[in-house]
Amino acid sequence: MKRIDTTDDRLLPVLLLCAQAVVWPGAALVRGTAPSASALLVAALVAGPVTAALALRRTRPVVTLALVTVACGLGAGALPTGATAVFGTAGVALALFTVATERDTFTTVLCVLSLALWQLLQDITLHGLSDRDGLDLALTALLYAAACGAGFFVRRTRRARQTAELLLKRAESERHRLPAAERRRMERELHDVSAHHLTAVVVTAGAALGLRERRPELAAEALEFAVGTGREVTRALGAVRAPAPSREDLPSPEERLLDLVAGFRRLDQEVDCEIDPLPDGAVADAAYGIVREGLTNVARHAPGAHTRVLVRYGDTRTDVAVTSAAPPAGAAAHGAGLGGGRGQGFLRSRAREAGGTLHSGPTAEGGWEVSAVLPGRTAAPVERAVPRGYRVAQVVAAAGLVLQPLLPAVIWRAETASGGGQVSAGMLFALLAAAQAVALLWLRRAPRTTQGALLGLALLWPVAMAVGDYTGPVLLPPALSMLATCVALAADAARRTADGSAAASSPSEDRVLPASAVAGHGVGAAVAVLVRGATRPFRGVGAARNSAAARVFPPWGRVFPVLAVVVHGVAVAAALLDRGTTFPFWAVVLGAEAGAILVVAAATWAGTLRGRRDRADRGTHDERLAAWTEEAVRDAWAERRRIAAGLETTVLSRTADMVAEAEAGRLDATAERAREALAAMRALLDTVRQPDEGSGEGGVVGPELRPQPTLQALDLLAHQCRATGRDVEIRLTDRVPDHLPTAVDLAAYHAAETLLAAGGEEPALLELDASAGTLTLTATGVPRAAGPAVRERLAARVEALGGTLTADGPGTVHLRLPLTPADEQIDEQVDGQRELGER
């Protein structure tokens, strides 16, 4: 059996068409009233364009909304009541929902305001202000607010999912890049040592030996130079094996780009530049390659042309552009034939691998431009910039649509129906619903203020019923007033559950009564849920917080549901008592509060389910990101250890022999040892360029042979985190020993890795210090490290060495490890595992 494609845009319009046919003329035919042929013709002329437009709603959402609204408005005047009810409500809501999901916030808000004002003015033009008790305005406002809110939620969720996918894609590319980058770094620095230091010793010693008869004083100078250079080689190779994790000692991508521009300026190229700071990683490498290729092409094809380099690093995108003017008259392009024609293809491949796009072509002034759009700080999808003139056109078009219903009154001066001096209840309900919708827009920025405003507005609905002489269903207005509060309750519960605050404070606090339990156990179970949530902070939170206020007052997140129950229960009871009832006062109050408890518990339960799903998705994302980071660091660390092993067994030993011979005054032996050290360095460089046959892809050893990283791998960990979009800084004081006990070294690194793997977008800082025989690791900017799972992993590592784990405010963790662990067997066991891994 073929499955129905739920992603087909034609499915919902067809279902709406069928529903409209059931409402009218289906219901009329059931009652025995046959519609006229003209009415059926008009209905077909309305239903056809509306259905076709809704089927194309994703490609032209704003046009679809305008067409559906106008068609339903025209049909409502010529057709019987209900002939366009489904299209005029669900159809318009579907079109508005599509606008909210496919277009920006400004366009969506402009559309919904224009639509609401158009319908209000249209109703005033046709019927005046005589709408006595109808809830059509309030229901319409709530329908539009619900459609927009759902659209905003879907768009934000989709954008967050795309951002997470892009971030994982960047992390995966960096996972393969980091070991190769570490290999290239060591190869470059080893080449510098061999090219400058050892070669200088060989040349100096050879010259002194050649001139020994004529200038014997050169021998002493050569020996002294060999001793100093040998010690400098030892220091430089030590820095190659264990570079500083701080960023101050390494050239930043911005400095590399500025040095590149300065080099072309020395070639008499006129280059202006605007370069923002960039983090290390694939984006910075791609930007550097694009700028280098662009400047090289200018120097090759248009020497002397004025060139502008632009590198802008933003939240959602990184713009890279190299724009050159037309070459000066008479300038000779000596390097025009030196290119192979593959540079542009390589640049596009580089930009594509970094997650961006690249374009190149001539400019209107006769020059050439190479521009690229790469991922930004948050790896979020790039949003198109909207010109200001387009916004003005949108506002003008919306104003014209809104004022259209007033044209008949202006032209024909039709007599306006008098509605008297009393404002209708429907108008008051619409204003209150609009105020609640506006308050919900501020829910993310100011949650407490928004929640307080919603509770205050809920008390005004019974007042509006009394002022407007409302005679409709008495429970309908209070029920409508609870919708916005339920949205706020669900959002608050989802946020707290997703952030893990409930789980962090108590293992059982995150348990929320499911819907089946609410239905099965009744009001008593729901009351237990709310009372437990409100009173638990009195017992547990005060002990965990340092402030006296926290020990007295529960957090607002637990008070808000109780206040919502009280306020809405009072509103329902006031509405019932004002209308009049035969039930006693206490029964009305208890019944109203019981109903409010059920609604609040259901909203909280729904929000908790959403929060759990978000937390699970975020946990899966963080686990994949942490796994790739761990794999990248371990592969890069294996590369570093492999090359460092070659340094220790060949180059460093021969360099030490060279220094010993020089200190003994044997120039011939010193020259020979220097040649051996240089030959060993070149052999090691060949080994770096051609990884071992037994290694995995890219020369990386298998997981079973990789050595465990220590604190000397913190620079790799910080580099990988920065490359995936998180700003991480690591500081080591001078008091931290160069050689730590192996168990402490491994535990400190794994603790730092666990803290950063907890996830988050906040800038993180790890500080390591040692004093009084204790190594202290202080992490700031890691709020998710307060979760129970992270704390358990950290505590297991720290307690095994006799250390302590403490938290100081949100996002700050202190780990203290004794530099002399009590259990020496742990150290011996780790030493054995480490040696086995290195072998």
# chains A, B, ... in the order shown; residues from 1 in each chain; ligands from 1
call {"tool": "select_by_dssp", "arguments": {"residues": "segment 51-270 of chain A", "states": "helix (DSSP H, G or I)", "output": "PyMOL selection string"}}
result
chain A and resi 51-55+61-78+85-102+105-127+136-210+217-241+247-249+253-265
call {"tool": "residues_around", "arguments": {"residues": "segment 167-184 of chain A", "least_positions_apart": "5", "cutoff": "8 Å", "atoms": "only C-alpha atoms", "output": "PDB file with C-alpha atoms, in the first residue's frame"}}
result
ATOM      1  CA  GLY A 281      40.139  26.564  12.002  1.00  0.00           C
ATOM      2  CA  ALA A 282      38.905  25.719   8.550  1.00  0.00           C
ATOM      3  CA  GLU A 353      34.916  22.295   2.263  1.00  0.00           C
ATOM      4  CA  ALA A 354      34.659  25.121   4.821  1.00  0.00           C
ATOM      5  CA  GLY A 355      30.862  25.224   4.342  1.00  0.00           C
ATOM      6  CA  THR A 378      27.502  30.430  15.325  1.00  0.00           C
ATOM      7  CA  ALA A 379      27.459  28.352  12.125  1.00  0.00           C
ATOM      8  CA  HIS A 621      24.398  16.741  19.549  1.00  0.00           C
ATOM      9  CA  ARG A 624      28.644  13.655  18.827  1.00  0.00           C
ATOM     10  CA  LEU A 625      30.538  16.928  19.080  1.00  0.00           C
ATOM     11  CA  TRP A 628      34.640  14.084  17.392  1.00  0.00           C
ATOM     12  CA  THR A 629      36.621  16.537  19.499  1.00  0.00           C
ATOM     13  CA  GLU A 631      38.982  11.724  18.451  1.00  0.00           C
ATOM     14  CA  ALA A 632      40.588  14.743  16.774  1.00  0.00           C
ATOM     15  CA  VAL A 633      42.657  15.604  19.857  1.00  0.00           C
ATOM     16  CA  ASP A 635      44.788  11.628  16.705  1.00  0.00           C
ATOM     17  CA  ALA A 636      46.704  14.907  16.791  1.00  0.00           C
ATOM     18  CA  TRP A 637      48.297  13.928  20.104  1.00  0.00           C
ATOM     19  CA  GLU A 639      51.001  12.473  15.755  1.00  0.00           C
ATOM     20  CA  ARG A 640      52.795  14.732  18.200  1.00  0.00           C
ATOM     21  CA  VAL A 688      56.711  13.271   9.008  1.00  0.00           C
ATOM     22  CA  GLY A 698      46.579  10.218   7.229  1.00  0.00           C
ATOM     23  CA  VAL A 700      47.030   8.344  12.457  1.00  0.00           C
ATOM     24  CA  LEU A 716      44.995  20.891  20.787  1.00  0.00           C
ATOM     25  CA  GLN A 720      39.530  22.188  18.258  1.00  0.00           C
ATOM     26  CA  ALA A 723      37.514  25.799  15.345  1.00  0.00           C
ATOM     27  CA  THR A 724      33.982  24.542  16.060  1.00  0.00           C
ATOM     28  CA  GLY A 725      32.734  27.981  17.092  1.00  0.00           C
TER      29      GLY A 725
END
call {"tool": "residues_around", "arguments": {"residues": "Gly803 of chain A", "least_positions_apart": "5", "cutoff": "8 Å", "atoms": "only C-alpha atoms", "output": "number ranges by chain"}}
result
A: 798, 815-818
call {"tool": "write_last_selection", "arguments": {"atoms": "C-alpha atoms", "output": "compact mmCIF listing (two decimals), in the first residue's frame"}}
result
# COMPACT_ATOMS: atom_id res chain seq x y z
CA VAL A 798 38.84 13.61 41.40
CA LEU A 815 38.91 21.02 40.95
CA ARG A 816 41.80 20.44 43.32
CA LEU A 817 44.15 17.50 42.84
CA PRO A 818 47.03 16.66 45.18
call {"tool": "closest_residue", "arguments": {"among": "A:Ala397, A:Val392, A:Leu685, A:Ala226", "to": "His191 of chain A", "atoms": "only C-alpha atoms"}}
result
A:Leu685
call {"tool": "closest_residue", "arguments": {"among": "A:Arg352, A:His306, A:Arg317, A:Arg212", "to": "Leu667 of chain A", "atoms": "only C-alpha atoms"}}
result
A:Arg212
call {"tool": "closest_residue", "arguments": {"among": "A:Trp118, A:Phe97, A:Trp605, A:Trp586", "to": "Arg58 of chain A", "atoms": "only C-alpha atoms"}}
result
A:Phe97
call {"tool": "atom_distance", "arguments": {"atom1": "atom CA of Ala430 of chain A", "atom2": "atom CA of Ala145 of chain A"}}
result
11.3 Å
call {"tool": "residues_around", "arguments": {"residues": "Ala34 of chain A", "least_positions_apart": "3", "cutoff": "8 Å", "atoms": "only C-alpha atoms", "output": "PyMOL selection string"}}
result
chain A and resi 25+28-29
call {"tool": "closest_residue", "arguments": {"among": "A:Ala21, A:Val370, A:Val589, A:Ala85", "to": "Arg348 of chain A", "atoms": "only C-alpha atoms"}}
result
A:Val370
call {"tool": "residues_around", "arguments": {"residues": "segment 438-454 of chain A", "least_positions_apart": "3", "cutoff": "10 Å", "atoms": "only C-alpha atoms", "output": "ChimeraX atom specification"}}
result
/A:145,149,432-435,457-459,481-482,484-485,487-489,491-492,495,556-557,560,563-564
call {"tool": "closest_residue", "arguments": {"among": "A:Ala220, A:Leu54, A:Leu142, A:Arg377", "to": "Arg666 of chain A", "atoms": "only C-alpha atoms"}}
result
A:Ala220
call {"tool": "atom_distance", "arguments": {"atom1": "atom CA of Ala47 of chain A", "atom2": "atom CA of Pro13 of chain A"}}
result
9.8 Å
call {"tool": "closest_residue", "arguments": {"among": "A:Arg579, A:Arg558, A:Arg634, A:Arg57", "to": "Gly472 of chain A", "atoms": "only C-alpha atoms"}}
result
A:Arg579
call {"tool": "atom_distance", "arguments": {"atom1": "atom CA of Gly289 of chain A", "atom2": "atom CA of Leu260 of chain A"}}
result
10.4 Å
call {"tool": "residues_around", "arguments": {"residues": "segment 650-653 of chain A", "least_positions_apart": "3", "cutoff": "7 Å", "atoms": "only C-alpha atoms", "output": "PyMOL selection string"}}
result
chain A and resi 234+646-647+656-657+677+680-681
call {"tool": "write_last_selection", "arguments": {"atoms": "N, CA and C atoms", "output": "CSV table (one decimal), in the first residue's frame"}}
result
chain,number,residue,atom,x,y,z
A,234,THR,N,67.8,22.6,21.6
A,234,THR,CA,67.1,21.8,22.6
A,234,THR,C,65.9,22.5,23.1
A,646,GLY,N,60.7,10.4,17.8
A,646,GLY,CA,61.8,10.5,16.9
A,646,GLY,C,62.8,11.6,17.3
A,647,LEU,N,62.3,12.7,17.8
A,647,LEU,CA,63.2,13.7,18.3
A,647,LEU,C,64.0,13.3,19.4
A,656,ALA,N,72.7,16.8,21.9
A,656,ALA,CA,73.4,16.8,23.2
A,656,ALA,C,74.9,16.3,23.0
A,657,ASP,N,75.1,15.4,22.1
A,657,ASP,CA,76.5,14.9,21.8
A,657,ASP,C,77.3,16.1,21.2
A,677,ALA,N,73.3,15.3,13.5
A,677,ALA,CA,72.0,15.9,13.9
A,677,ALA,C,71.2,16.4,12.8
A,680,ALA,N,69.8,13.5,10.8
A,680,ALA,CA,68.7,12.9,11.6
A,680,ALA,C,67.4,13.8,11.5
A,681,MET,N,67.6,15.1,11.5
A,681,MET,CA,66.5,16.0,11.4
A,681,MET,C,65.8,15.9,10.0
call {"tool": "select_by_dssp", "arguments": {"residues": "segment 673-819 of chain A", "states": "strand (DSSP E or B)", "output": "number ranges by chain"}}
result
A: 728-732, 764-771, 774-780, 804-807, 812-818
call {"tool": "residues_around", "arguments": {"residues": "Asp276 of chain A", "least_positions_apart": "4", "cutoff": "12 Å", "atoms": "only C-alpha atoms", "output": "list in words"}}
result
Ser252, Pro253, Glu254, Glu255, Arg256, Leu257, Leu258, Ala284, Ala287, Val309, Leu310, Val311, Arg312, Tyr313, Gly314, Thr318, Asp319, Val320 and Gly376 of chain A
